[in-house]
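Let me begin by presenting the structure, written as structure tokens, before commenting on it.
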Amino acid sequence: MAATELIQARLSVRRYVGDHCAHQFRQSLLHQLLAHAEHHERACELLAEEISATVDLIAEFPGHEAIWAHRRALAAMWVQCKPLEFAAQ
């Protein structure tokens, strides 16, 4: 359920890029998915897509602090997704 909500909420983030609430909602959905072991791999895929989407948003709307804050939160979640890769470096 959280995965479908995450996909559906993507349009609202593009429409209102400066809305911190929309970004935080997406972060909470990703946190929910990461918390459940059975959804962990799918959550990591969705997280990678979200990080990629922020690259596009930053290029399109470079002055919006909300996007940068969202990207920082996603980076922290990415460490949870791939802990062994970061530990090996």
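By order in the structure tokens, chains are A, B, ...; within a chain, residues start at 1; ligands start at 1, following the order shown.
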Give me the residues within 8 Å of segment 76-78 of chain A as number ranges by chain, counting only C-alpha atoms and dropping any in the same chain fewer than 2 places off.
-> A: 31, 44, 47-48, 72-74, 80-82
Using only C-alpha atoms, determine which residues lie at most 8 Å from Ala75 of chain A, disregarding the query and same-chain residues fewer than 4 positions distant; provide the list as JSON, numbers by chain.
-> {"A": [51, 71, 79]}
Residue subset to file, keeping N, CA, C and O atoms, as a PDB file, in the first residue's frame:
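New file out05.pdb:
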```pdb
ATOM      1  N   ILE A  51      15.756   9.252  -5.495  1.00  0.00           N
ATOM      2  CA  ILE A  51      17.007  10.008  -5.556  1.00  0.00           C
ATOM      3  C   ILE A  51      17.234  10.524  -6.976  1.00  0.00           C
ATOM      4  O   ILE A  51      17.605  11.679  -7.179  1.00  0.00           O
ATOM      5  N   ARG A  71      16.533  15.608  -0.470  1.00  0.00           N
ATOM      6  CA  ARG A  71      17.666  14.801  -0.961  1.00  0.00           C
ATOM      7  C   ARG A  71      18.579  14.380   0.193  1.00  0.00           C
ATOM      8  O   ARG A  71      19.077  13.256   0.230  1.00  0.00           O
ATOM      9  N   VAL A  79      21.843   4.975   3.096  1.00  0.00           N
ATOM     10  CA  VAL A  79      22.830   4.286   3.923  1.00  0.00           C
ATOM     11  C   VAL A  79      22.191   3.073   4.607  1.00  0.00           C
ATOM     12  O   VAL A  79      22.827   2.033   4.750  1.00  0.00           O
TER      13      VAL A  79
END
```
Work out how far atom CA of Ala3 of chain A is from atom CA of His40 of chain A, in Å to one decimal.
->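 Straight-line distance from atom CA of His40 of chain A to atom CA of Ala3 of chain A works out to 11.2 Å.
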Return the single residue from A:Thr54, A:Glu5, A:Leu11, A:Ser28 that is closest to Ala69 of chain A, with distances computed using only C-alpha atoms.
->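 That would be A:Thr54, the residue with the smallest distance to Ala69 of chain A.
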Nearest to His70 of chain A, chosen from A:Thr4, A:Gln24, A:Ser12, A:Gln32, with only C-alpha atoms counted in the distances =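 Distance minimum relative to His70 of chain A lands on A:Gln24.
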Going by DSSP on the backbone, which bits of chain A are alpha helix (DSSP H)? Write them as a PyMOL selection string, please.
-> chain A and resi 2-8+10-15+20-35+40-60+65-81+83-88
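With only C-alpha atoms as the atoms that count, the minimum distance from His20 of chain A to the choices A:Glu38, A:Glu65, A:Glu45, A:Glu60 is reached by A:Glu65.
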Using only C-alpha atoms, determine which residues lie at most 6 Å from Ala43 of chain A, disregarding the query and same-chain residues fewer than 4 positions distant; provide the list as a PyMOL selection string.
-> chain A and resi 33-34+39+47
Write the selection just made, keeping N, CA and C atoms, as a short mmCIF file (atom, residue, chain, number, x, y, z; two decimals), in the first residue's frame?
```cif
data_model
loop_
_atom_site.label_atom_id
_atom_site.label_comp_id
_atom_site.auth_asym_id
_atom_site.auth_seq_id
_atom_site.Cartn_x
_atom_site.Cartn_y
_atom_site.Cartn_z
N LEU A 33 8.34 1.40 4.29
CA LEU A 33 8.74 0.27 3.45
C LEU A 33 10.07 -0.32 3.91
N LEU A 34 11.01 0.54 4.26
CA LEU A 34 12.32 0.06 4.71
C LEU A 34 12.24 -0.69 6.04
N HIS A 39 9.64 -6.00 2.36
CA HIS A 39 9.56 -4.95 1.34
C HIS A 39 10.88 -4.22 1.14
N LEU A 47 13.59 3.96 -3.52
CA LEU A 47 14.47 5.00 -3.00
C LEU A 47 15.45 5.46 -4.07
#
```
Name all residues at most 9 Å from Ala22 of chain A (count only C-alpha atoms; drop same-chain ones fewer than 5 positions away) and give them as a PyMOL selection string.
-> chain A and resi 9-10+12-13+16-17+27
Given the selection you just returned, output its residues as a file containing C-alpha atoms, formatted as an mmCIF file, in the first residue's frame.
```cif
data_model
loop_
_atom_site.group_PDB
_atom_site.id
_atom_site.type_symbol
_atom_site.label_atom_id
_atom_site.label_comp_id
_atom_site.auth_asym_id
_atom_site.auth_seq_id
_atom_site.Cartn_x
_atom_site.Cartn_y
_atom_site.Cartn_z
ATOM 1 C CA ALA A 9 2.249 11.201 -4.643
ATOM 2 C CA ARG A 10 5.011 11.788 -7.201
ATOM 3 C CA SER A 12 2.118 16.422 -6.214
ATOM 4 C CA VAL A 13 5.843 16.800 -5.538
ATOM 5 C CA TYR A 16 4.519 21.873 -5.672
ATOM 6 C CA VAL A 17 8.311 21.506 -5.455
ATOM 7 C CA GLN A 27 9.990 10.118 3.213
#
```
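Note that atom CA of Ile67 of chain A and atom CA of Ala2 of chain A are 21.0 Å apart.
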